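The structure file upload34.cif is reproduced below (mmCIF, C-alpha atoms).
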```cif
data_upload
loop_
_atom_site.label_atom_id
_atom_site.label_comp_id
_atom_site.auth_asym_id
_atom_site.auth_seq_id
_atom_site.Cartn_x
_atom_site.Cartn_y
_atom_site.Cartn_z
CA MET A 844 -37.15 9.14 -4.82
CA ALA A 845 -33.76 10.23 -3.50
CA SER A 846 -30.82 8.19 -4.74
CA ALA A 847 -28.16 6.67 -2.60
CA ARG A 848 -24.91 8.62 -2.86
CA TYR A 849 -21.48 7.20 -3.38
CA VAL A 850 -18.81 9.38 -1.75
CA TYR A 851 -15.35 9.73 -3.34
CA ALA A 852 -13.59 12.50 -1.47
CA ILE A 853 -13.86 15.32 1.03
CA LEU A 854 -13.08 18.78 -0.33
CA GLY A 855 -13.15 22.39 0.73
CA CYS A 856 -16.54 23.95 0.05
CA GLU A 857 -15.03 26.37 -2.48
CA THR A 858 -13.40 23.67 -4.57
CA SER A 859 -14.86 23.39 -8.04
CA LEU A 860 -15.25 20.07 -9.81
CA PRO A 861 -13.68 19.28 -13.18
CA PRO A 862 -16.41 19.73 -15.80
CA GLY A 863 -18.07 16.54 -16.95
CA LEU A 864 -16.59 14.36 -14.24
CA ARG A 865 -18.55 11.11 -14.06
CA GLY A 866 -18.44 8.38 -11.46
CA PHE A 867 -20.06 4.98 -11.02
CA ASP A 868 -23.05 4.25 -13.25
CA ASP A 869 -21.71 7.04 -15.46
CA ALA A 870 -23.45 9.51 -13.15
CA VAL A 871 -22.29 13.10 -12.88
CA VAL A 872 -20.19 13.83 -9.80
CA SER A 873 -21.51 16.70 -7.70
CA VAL A 874 -20.86 18.10 -4.25
CA VAL A 875 -22.81 18.07 -1.02
CA ARG A 876 -21.69 20.92 1.24
CA TRP A 877 -21.63 21.36 4.98
CA ARG A 878 -20.11 24.55 6.37
CA ALA A 879 -16.53 24.76 5.02
CA LEU A 880 -16.49 21.16 3.76
CA ALA A 881 -17.93 19.41 0.76
CA ALA A 882 -18.23 15.78 -0.27
CA ALA A 883 -17.78 14.75 -3.90
CA THR A 884 -20.58 12.30 -4.61
CA SER A 885 -22.58 10.71 -7.38
CA PRO A 886 -25.98 9.01 -7.32
CA LEU A 887 -26.03 5.23 -7.53
CA GLU A 888 -28.66 3.59 -9.67
CA ARG A 889 -27.42 0.03 -9.58
CA GLY A 890 -26.44 -0.49 -6.00
CA ALA A 891 -23.06 -0.31 -4.37
CA PRO A 892 -20.11 -1.07 -6.65
CA ARG A 893 -18.43 -4.40 -6.11
CA PRO A 894 -14.79 -4.36 -5.08
CA THR A 895 -13.43 -5.29 -8.49
CA ALA A 896 -10.18 -4.02 -9.94
CA GLU A 897 -12.02 -1.83 -12.42
CA ASN A 898 -14.20 -0.28 -9.74
CA LEU A 899 -11.26 0.32 -7.44
CA TRP A 900 -9.44 2.10 -10.24
CA ARG A 901 -12.51 4.16 -11.04
CA HIS A 902 -12.82 5.26 -7.42
CA GLU A 903 -9.14 6.15 -7.43
CA ALA A 904 -9.43 7.95 -10.76
CA ILE A 905 -12.20 10.19 -9.45
CA VAL A 906 -10.21 11.03 -6.34
CA GLU A 907 -7.17 11.84 -8.46
CA ALA A 908 -9.22 13.96 -10.83
CA LEU A 909 -10.42 16.03 -7.88
CA ARG A 910 -7.08 16.66 -6.26
CA PRO A 911 -5.70 19.15 -8.80
CA GLN A 912 -8.78 21.27 -8.10
CA GLY A 913 -7.82 21.84 -4.49
CA PRO A 914 -7.13 20.01 -1.23
CA ALA A 915 -8.96 16.69 -1.05
CA LEU A 916 -9.14 13.71 1.28
CA PRO A 917 -9.72 10.25 -0.21
CA VAL A 918 -12.75 8.45 1.17
CA ARG A 919 -12.62 4.71 1.66
CA PHE A 920 -13.83 2.65 -1.28
CA GLY A 921 -17.41 1.46 -0.90
CA THR A 922 -18.75 4.44 1.03
CA VAL A 923 -22.46 4.79 0.26
CA LEU A 924 -24.98 6.91 2.13
CA ALA A 925 -28.73 6.93 1.86
CA ASP A 926 -29.06 10.34 0.20
CA ALA A 927 -27.54 13.84 0.06
CA SER A 928 -28.95 14.69 3.45
CA ALA A 929 -27.16 11.70 4.99
CA VAL A 930 -23.93 12.87 3.37
CA ALA A 931 -24.33 16.30 4.99
CA ASP A 932 -25.05 14.63 8.32
CA ALA A 933 -21.89 12.54 7.98
CA LEU A 934 -19.83 15.66 7.29
CA ALA A 935 -21.37 17.35 10.31
CA GLU A 936 -20.74 14.38 12.56
CA ARG A 937 -16.97 14.34 11.98
CA TYR A 938 -16.64 17.96 10.95
CA ASP A 939 -13.73 19.01 13.17
CA VAL A 940 -11.63 15.95 12.39
CA LEU A 941 -12.31 16.13 8.67
CA ALA A 942 -11.55 19.85 8.51
CA ALA A 943 -8.29 19.33 10.39
CA ASP A 944 -7.30 16.40 8.17
CA LEU A 945 -8.12 18.38 5.04
CA ALA A 946 -5.85 21.19 6.19
CA ARG A 947 -3.08 18.76 7.20
CA LEU A 948 -3.24 16.29 4.33
CA GLY A 949 -5.30 17.79 1.52
CA ASP A 950 -2.36 18.63 -0.73
CA LYS A 951 0.03 15.90 0.41
CA VAL A 952 0.85 12.61 -1.30
CA GLU A 953 1.85 9.24 -0.03
CA PHE A 954 4.14 6.51 -1.33
CA GLY A 955 3.87 2.86 -0.51
CA LEU A 956 6.97 0.74 0.05
CA ASN A 957 7.13 -3.02 0.31
CA VAL A 958 10.47 -4.72 0.85
CA LEU A 959 10.87 -8.45 0.34
CA TRP A 960 13.77 -10.49 1.61
CA ASP A 961 14.86 -14.07 1.86
CA PRO A 962 14.23 -14.69 5.53
CA PRO A 963 17.54 -15.49 7.21
CA ILE A 964 17.84 -19.14 8.14
CA THR A 965 19.13 -19.40 11.65
CA PRO A 966 20.32 -22.89 12.61
CA GLY A 967 18.37 -24.13 15.57
CA GLU A 968 21.37 -26.00 16.97
CA ASP A 969 23.29 -22.80 17.33
CA LEU A 970 20.56 -21.25 19.34
CA ALA A 971 19.43 -24.12 21.47
CA PRO A 972 21.51 -25.25 24.41
CA GLY A 973 22.86 -28.76 24.40
CA SER A 974 23.22 -31.22 21.54
CA GLY A 975 24.20 -34.76 20.59
CA ALA A 976 24.40 -37.12 23.53
CA ALA A 977 22.98 -34.53 25.90
CA LEU A 978 19.93 -34.31 23.67
CA GLU A 979 19.54 -38.06 23.61
CA ALA A 980 19.61 -38.15 27.39
CA GLN A 981 16.73 -35.71 27.66
CA GLY A 982 13.17 -36.80 28.06
CA LEU A 983 10.37 -36.09 25.64
CA GLY A 984 9.17 -33.04 27.57
CA ALA A 985 12.63 -31.53 27.73
CA ARG A 986 13.14 -32.06 24.03
CA TYR A 987 9.81 -30.44 23.29
CA LEU A 988 10.74 -27.41 25.37
CA ARG A 989 14.13 -27.22 23.69
CA THR A 990 12.45 -27.22 20.31
CA GLN A 991 10.09 -24.51 21.42
CA LEU A 992 12.96 -22.44 22.76
CA ALA A 993 14.88 -22.80 19.53
CA ALA A 994 11.86 -21.71 17.51
CA TYR A 995 11.35 -18.74 19.79
CA ARG A 996 14.98 -17.71 19.46
CA ARG A 997 14.90 -18.07 15.70
CA GLU A 998 11.82 -15.86 15.57
CA ALA A 999 13.41 -13.30 17.89
CA ALA A 1000 16.62 -13.27 15.85
CA MET A 1001 14.67 -12.78 12.63
CA ARG A 1002 12.67 -9.92 14.09
CA GLU A 1003 15.84 -8.31 15.33
CA ARG A 1004 17.44 -8.48 11.89
CA ALA A 1005 14.25 -7.22 10.28
CA GLY A 1006 14.09 -4.34 12.72
CA ALA A 1007 17.68 -3.35 12.04
CA LEU A 1008 17.11 -3.49 8.31
CA ALA A 1009 13.89 -1.50 8.58
CA ARG A 1010 15.59 1.18 10.65
CA GLU A 1011 18.34 1.48 8.08
CA LEU A 1012 15.91 1.82 5.17
CA ASP A 1013 13.64 4.18 7.02
CA GLY A 1014 16.55 6.30 8.20
CA GLU A 1015 17.29 7.13 4.57
CA LEU A 1016 13.72 7.71 3.40
CA SER A 1017 11.99 9.41 6.29
CA VAL A 1018 14.18 12.51 6.12
CA HIS A 1019 12.10 13.42 3.07
CA ALA A 1020 8.76 12.59 4.66
CA LEU A 1021 6.35 14.37 6.96
CA GLU A 1022 5.03 11.18 8.50
CA ARG A 1023 5.29 7.48 7.94
CA ARG A 1024 3.68 4.25 8.96
CA CYS A 1025 5.79 1.13 9.08
CA THR A 1026 4.85 -2.46 9.73
CA LEU A 1027 7.58 -4.96 10.41
CA LEU A 1028 7.28 -8.48 9.00
CA PRO A 1029 3.58 -8.49 8.09
CA THR A 1030 4.53 -11.80 6.47
CA PRO A 1031 7.80 -13.73 6.76
CA ARG A 1032 8.76 -12.78 3.20
CA LEU A 1033 7.74 -9.14 3.53
CA VAL A 1034 10.26 -7.60 5.83
CA VAL A 1035 8.80 -4.09 5.79
CA ARG A 1036 5.58 -2.52 4.60
CA ALA A 1037 5.54 1.25 4.89
CA ALA A 1038 3.68 4.36 3.79
CA TYR A 1039 5.36 7.77 3.58
CA LEU A 1040 3.55 11.10 3.58
CA LEU A 1041 5.30 13.71 1.46
CA GLU A 1042 5.03 17.29 0.34
CA PRO A 1043 4.64 16.98 -3.46
CA GLY A 1044 7.80 19.01 -3.90
CA ARG A 1045 9.83 16.39 -2.04
CA VAL A 1046 8.85 13.53 -4.33
CA PRO A 1047 11.94 13.69 -6.59
CA ALA A 1048 14.30 13.70 -3.61
CA PHE A 1049 12.39 10.81 -2.06
CA GLN A 1050 12.59 8.81 -5.30
CA ASP A 1051 16.29 9.53 -5.61
CA ALA A 1052 16.83 8.38 -2.08
CA PHE A 1053 14.86 5.23 -2.78
CA ALA A 1054 16.88 4.43 -5.89
CA GLN A 1055 20.12 4.80 -4.01
CA LEU A 1056 18.84 2.57 -1.27
CA ARG A 1057 17.81 -0.08 -3.73
CA ARG A 1058 21.22 -0.08 -5.34
CA ALA A 1059 22.78 -0.49 -1.95
CA HIS A 1060 20.69 -3.60 -1.25
CA PRO A 1061 20.77 -5.89 -4.28
CA ASP A 1062 19.78 -8.76 -2.00
CA LEU A 1063 16.36 -7.22 -1.33
CA ARG A 1064 13.40 -6.63 -3.59
CA PHE A 1065 11.70 -3.28 -3.38
CA LEU A 1066 8.23 -2.35 -4.54
CA LEU A 1067 7.61 1.39 -4.43
CA SER A 1068 4.34 2.89 -5.65
CA GLY A 1069 2.94 6.37 -5.71
CA PRO A 1070 2.18 9.15 -5.53
CA TRP A 1071 -1.17 8.23 -3.98
CA PRO A 1072 -3.74 10.38 -2.22
CA PRO A 1073 -2.97 10.21 1.51
CA TYR A 1074 -5.27 7.28 2.31
CA SER A 1075 -3.05 5.89 5.05
CA PHE A 1076 -2.79 9.07 7.08
CA VAL A 1077 -6.37 10.19 7.64
CA THR A 1078 -7.57 10.13 11.22
CA PRO A 1079 -9.56 7.00 12.00
CA PRO A 1080 -12.87 7.40 13.79
CA GLU A 1081 -12.89 7.10 17.53
CA GLY A 1082 -13.19 3.52 18.57
CA GLY A 1083 -10.91 2.62 15.64
CA GLU A 1084 -12.30 0.94 12.61
CA ARG A 1085 -8.91 0.64 11.00
CA SER A 1086 -7.14 -2.57 10.35
CA ALA A 1087 -5.09 -3.62 13.30
CA ASN A 1088 -1.71 -3.20 11.69
CA SER A 1089 0.94 -2.80 14.27
CA ARG A 1090 2.74 0.42 13.54
CA GLN A 1091 6.35 0.56 14.38
CA GLN A 1092 8.50 3.49 13.54
CA HIS A 1093 11.81 3.46 11.81
CA GLU A 1094 13.33 5.75 9.22
CA ALA A 1095 15.05 5.76 5.83
CA SER A 1096 15.90 7.58 2.44
CA PRO A 1097 17.98 7.03 -0.92
CA HIS A 1098 18.15 8.15 -4.59
CA GLN A 1099 17.71 7.48 -8.31
CA PRO A 1100 14.96 5.36 -9.74
CA THR A 1101 15.79 2.87 -12.47
CA ASP A 1102 13.20 0.61 -14.06
CA ARG A 1103 10.18 2.76 -13.49
CA SER A 1104 6.91 1.98 -15.18
CA ASN A 1105 3.93 4.21 -15.55
CA VAL A 1106 0.96 2.17 -14.54
CA GLY A 1107 -2.73 2.78 -14.93
CA THR A 1108 -5.83 1.23 -16.31
CA SER A 1109 -6.10 1.38 -20.03
CA SER A 1110 -9.86 1.83 -19.97
CA MET A 1111 -9.71 5.01 -17.91
CA SER A 1112 -6.90 6.89 -19.49
CA GLU A 1113 -8.15 10.41 -18.84
CA HIS A 1114 -8.23 10.64 -15.12
CA ILE A 1115 -6.49 7.48 -14.47
CA VAL A 1116 -3.81 7.32 -12.00
CA LYS A 1117 -0.35 6.66 -13.17
CA LYS A 1118 1.50 4.96 -10.47
CA ARG A 1119 5.18 4.32 -10.62
CA GLU A 1120 6.13 0.94 -9.50
CA GLN A 1121 9.73 0.04 -9.13
CA LEU A 1122 10.56 -3.59 -9.17
CA SER A 1123 13.92 -5.00 -8.46
CA MET B 402 11.69 -10.03 -18.95
CA SER B 403 10.13 -7.92 -21.70
CA ARG B 404 8.93 -4.42 -21.02
CA SER B 405 5.32 -5.44 -21.56
CA GLN B 406 5.67 -8.20 -18.98
CA THR B 407 7.15 -5.73 -16.57
CA LEU B 408 4.26 -3.34 -17.13
CA VAL B 409 1.67 -6.01 -16.49
CA GLU B 410 3.44 -7.09 -13.36
CA ALA B 411 3.80 -3.51 -12.16
CA ARG B 412 0.14 -2.74 -12.78
CA GLU B 413 -0.95 -5.76 -10.81
CA VAL B 414 1.34 -5.00 -7.94
CA THR B 415 0.12 -1.41 -7.99
CA LEU B 416 -3.42 -2.70 -7.77
CA LEU B 417 -2.44 -4.46 -4.59
CA ASP B 418 -1.19 -1.19 -3.19
CA LEU B 419 -4.45 0.44 -4.24
CA VAL B 420 -6.42 -2.28 -2.45
CA ASP B 421 -4.31 -1.74 0.60
CA ARG B 422 -5.19 1.94 0.56
CA ALA B 423 -8.66 2.42 -0.85
CA VAL B 424 -10.19 -0.61 0.88
CA ASP B 425 -8.31 -0.61 4.14
CA HIS B 426 -7.75 3.12 4.62
CA GLY B 427 -9.23 6.45 3.65
CA VAL B 428 -11.83 8.63 5.31
CA ILE B 429 -14.55 6.70 7.07
CA LEU B 430 -17.97 8.30 7.22
CA ALA B 431 -20.38 7.05 9.84
CA GLY B 432 -21.28 3.40 9.45
CA ASP B 433 -21.60 3.27 5.72
CA ILE B 434 -19.10 0.85 4.28
CA THR B 435 -20.89 -1.60 2.06
CA ILE B 436 -18.10 -4.03 1.34
CA ALA B 437 -18.64 -7.27 3.16
CA VAL B 438 -15.82 -8.68 5.20
CA ALA B 439 -15.77 -11.66 2.88
CA ASP B 440 -15.09 -9.33 -0.05
CA ILE B 441 -12.10 -7.85 1.70
CA ASP B 442 -10.83 -11.27 2.62
CA LEU B 443 -11.07 -12.32 -1.00
CA ILE B 444 -9.12 -9.27 -2.07
CA TYR B 445 -6.39 -10.07 0.38
CA VAL B 446 -6.28 -13.68 -0.66
CA GLY B 447 -5.71 -12.38 -4.16
CA LEU B 448 -3.00 -10.12 -2.87
CA GLN B 449 -1.11 -12.98 -1.31
CA VAL B 450 -1.43 -15.05 -4.44
CA LEU B 451 -0.16 -12.21 -6.54
CA LEU B 452 2.77 -11.49 -4.31
CA ALA B 453 3.67 -15.13 -4.55
CA SER B 454 3.39 -14.96 -8.32
CA VAL B 455 5.61 -11.89 -8.44
CA GLU B 456 8.20 -13.79 -6.47
CA ARG B 457 7.87 -16.72 -8.85
CA VAL B 458 8.36 -14.47 -11.86
CA GLN B 459 11.51 -13.15 -10.26
CA GLU B 460 12.77 -16.68 -9.63
CA LEU B 461 12.06 -17.66 -13.22
CA ARG B 462 13.96 -14.64 -14.41
CA VAL B 463 16.96 -15.55 -12.29
CA GLU B 464 16.83 -19.15 -13.54
CA ARG B 465 16.66 -17.98 -17.13
CA GLU B 466 19.57 -15.62 -16.69
CA ARG B 467 21.62 -18.43 -15.20
CA THR B 468 20.74 -20.71 -18.08
CA VAL B 469 21.71 -18.09 -20.63
CA ALA B 470 24.98 -17.44 -18.82
CA ARG B 471 25.73 -21.16 -18.76
CA GLU B 472 24.96 -21.54 -22.44
CA VAL B 473 27.19 -18.61 -23.31
CA ARG B 474 29.98 -20.01 -21.16
CA ASP B 475 29.67 -23.52 -22.57
CA GLY B 476 29.40 -22.28 -26.13
#
```

Could you express the structure from this file as structure tokens?
Amino acid sequence: MASARYVYAILGCETSLPPGLRGFDDAVVSVVRWRALAAATSPLERGAPRPTAENLWRHEAIVEALRPQGPALPVRFGTVLADASAVADALAERYDVLAADLARLGDKVEFGLNVLWDPPITPGEDLAPGSGAALEAQGLGARYLRTQLAAYRREAAMRERAGALARELDGELSVHALERRCTLLPTPRLVVRAAYLLEPGRVPAFQDAFAQLRRAHPDLRFLLSGPWPPYSFVTPPEGGERSANSRQQHEASPHQPTDRSNVGTSSMSEHIVKKREQLS
Amino acid sequence: MSRSQTLVEAREVTLLDLVDRAVDHGVILAGDITIAVADIDLIYVGLQVLLASVERVQELRVERERTVAREVRDG
């Protein structure tokens, strides 16, 4: 009986696999080809892997082990197809998009940036018209509307400050990047979440730019991780199955990393990803 | 904060970035994702908790540094 196939990455059909590469269930990773593309897959004996930390790292480790072999696109974690024939069908179905993405992104890397701030506290009284006796004289409805207006203005002021900060950061970093995705204020504490797509050769300059930026903003906390496979930049399917992150553009760049840690999973030292995470 | 603490913290935060990429992004092949929405929600709940814990660690570090500075100053 044909086994279900877990798919790790999309490759060029000529790309060879590292010898002995094993995926989930300790199964050998092999390719399924369709025209100029190939999918790196392994048979699943025990059902789809659960989204645990260990399994996520294993997925990532396989993708990273494939990338030195040639251009590769990371497939979303949890991708399982019925059998090898279904994998070939899936390649055929999105062939043009996948081939274009492989050419555009296959040898690129991405970095993730999260910037935390202490949200500025904007006094409501300063933003809301009227105060003191005038406030007392107002009815309940008027006071409610005043409160709403003050909250709206506080929110608008915070977004404006966040936008200005994000533009400053992005202005320094994006000069080293091919593309970027930025989300402003995904949470009140997280002022910017961004992903930058880089040529591998630009990574040192990008990291230098980041370090300089961090030094210039001791009031912020920066979390930079990478290099990652370019997960965030692949073309979503038509009809959009991506998360609905609003994507706003800004730009930035700096220089010189300081407390950099190599990070990986101890149990998967061979292929395991070593991500640099800078905490300030 | 010791180096080992920093490494643990960095690895966990990096895991969050991995979740953000490998679960929420990456190539999608026709109708095949097997992770339930509830699984993803759980991952993101964990992410928020961890971010909060990272912030708390930072606050504790600042508090400790202040305490040490005060002790040094006061003899």

Expansion of the PyMOL selection byres ((chain B and resi 423-428) around 7) into residues, as a ChimeraX atom specification: /A:917-920,1074-1075,1077,1085-1086 /B:419-422,429-430

Specify as a PDB file with C-alpha atoms, in the frame of the given file each residue included when the PyMOL selection byres ((chain A and resi 907) around 10) is applied to this file.
```pdb
ATOM      1  CA  TYR A 851     -15.350   9.730  -3.340  1.00  0.00           C
ATOM      2  CA  ALA A 852     -13.590  12.500  -1.470  1.00  0.00           C
ATOM      3  CA  ARG A 901     -12.510   4.160 -11.040  1.00  0.00           C
ATOM      4  CA  HIS A 902     -12.820   5.260  -7.420  1.00  0.00           C
ATOM      5  CA  GLU A 903      -9.140   6.150  -7.430  1.00  0.00           C
ATOM      6  CA  ALA A 904      -9.430   7.950 -10.760  1.00  0.00           C
ATOM      7  CA  ILE A 905     -12.200  10.190  -9.450  1.00  0.00           C
ATOM      8  CA  VAL A 906     -10.210  11.030  -6.340  1.00  0.00           C
ATOM      9  CA  ALA A 908      -9.220  13.960 -10.830  1.00  0.00           C
ATOM     10  CA  LEU A 909     -10.420  16.030  -7.880  1.00  0.00           C
ATOM     11  CA  ARG A 910      -7.080  16.660  -6.260  1.00  0.00           C
ATOM     12  CA  PRO A 911      -5.700  19.150  -8.800  1.00  0.00           C
ATOM     13  CA  GLN A 912      -8.780  21.270  -8.100  1.00  0.00           C
ATOM     14  CA  ALA A 915      -8.960  16.690  -1.050  1.00  0.00           C
ATOM     15  CA  PRO A 917      -9.720  10.250  -0.210  1.00  0.00           C
ATOM     16  CA  TRP A1071      -1.170   8.230  -3.980  1.00  0.00           C
ATOM     17  CA  PRO A1072      -3.740  10.380  -2.220  1.00  0.00           C
ATOM     18  CA  HIS A1114      -8.230  10.640 -15.120  1.00  0.00           C
ATOM     19  CA  ILE A1115      -6.490   7.480 -14.470  1.00  0.00           C
ATOM     20  CA  VAL A1116      -3.810   7.320 -12.000  1.00  0.00           C
ATOM     21  CA  LYS A1117      -0.350   6.660 -13.170  1.00  0.00           C
TER      22      LYS A1117
END
```

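With only C-alpha atoms as the atoms that count, the residue of A:Ser873, A:Thr884, A:Gln1050, A:Thr1078 with the shortest distance to chain B is A:Thr1078.
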
CA of Ala1037 (chain A) to CA of Arg1024 (chain A), straight-line distance in Å: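 A separation of 5.4 Å between them.
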
Picked residues, the PyMOL selection byres ((chain A and resi 1041) around 10), expected as an NGL selection string: :A and (948 or 950-954 or 1017 or 1019-1023 or 1038-1040 or 1042-1046 or 1049 or 1070 or 1073)

Given the selection you just returned, output its residues as a file containing C-alpha atoms, formatted as a compact mmCIF listing (two decimals), keeping the file's coordinate frame.
```txt
# COMPACT_ATOMS: atom_id res chain seq x y z
CA LEU A 948 -3.24 16.29 4.33
CA ASP A 950 -2.36 18.63 -0.73
CA LYS A 951 0.03 15.90 0.41
CA VAL A 952 0.85 12.61 -1.30
CA GLU A 953 1.85 9.24 -0.03
CA PHE A 954 4.14 6.51 -1.33
CA SER A 1017 11.99 9.41 6.29
CA HIS A 1019 12.10 13.42 3.07
CA ALA A 1020 8.76 12.59 4.66
CA LEU A 1021 6.35 14.37 6.96
CA GLU A 1022 5.03 11.18 8.50
CA ARG A 1023 5.29 7.48 7.94
CA ALA A 1038 3.68 4.36 3.79
CA TYR A 1039 5.36 7.77 3.58
CA LEU A 1040 3.55 11.10 3.58
CA GLU A 1042 5.03 17.29 0.34
CA PRO A 1043 4.64 16.98 -3.46
CA GLY A 1044 7.80 19.01 -3.90
CA ARG A 1045 9.83 16.39 -2.04
CA VAL A 1046 8.85 13.53 -4.33
CA PHE A 1049 12.39 10.81 -2.06
CA PRO A 1070 2.18 9.15 -5.53
CA PRO A 1073 -2.97 10.21 1.51
```

Point-to-point distance in Å for CA of Ala879 (chain A) and CA of Tyr938 (chain A):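 Computing the Euclidean distance for CA of Tyr938 (chain A) and CA of Ala879 (chain A) yields 9.0 Å.
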
Straight-line distance linking CA of Arg986 (chain A) with CA of Pro1031 (chain A), stated in Å to one decimal: 25.7 Å
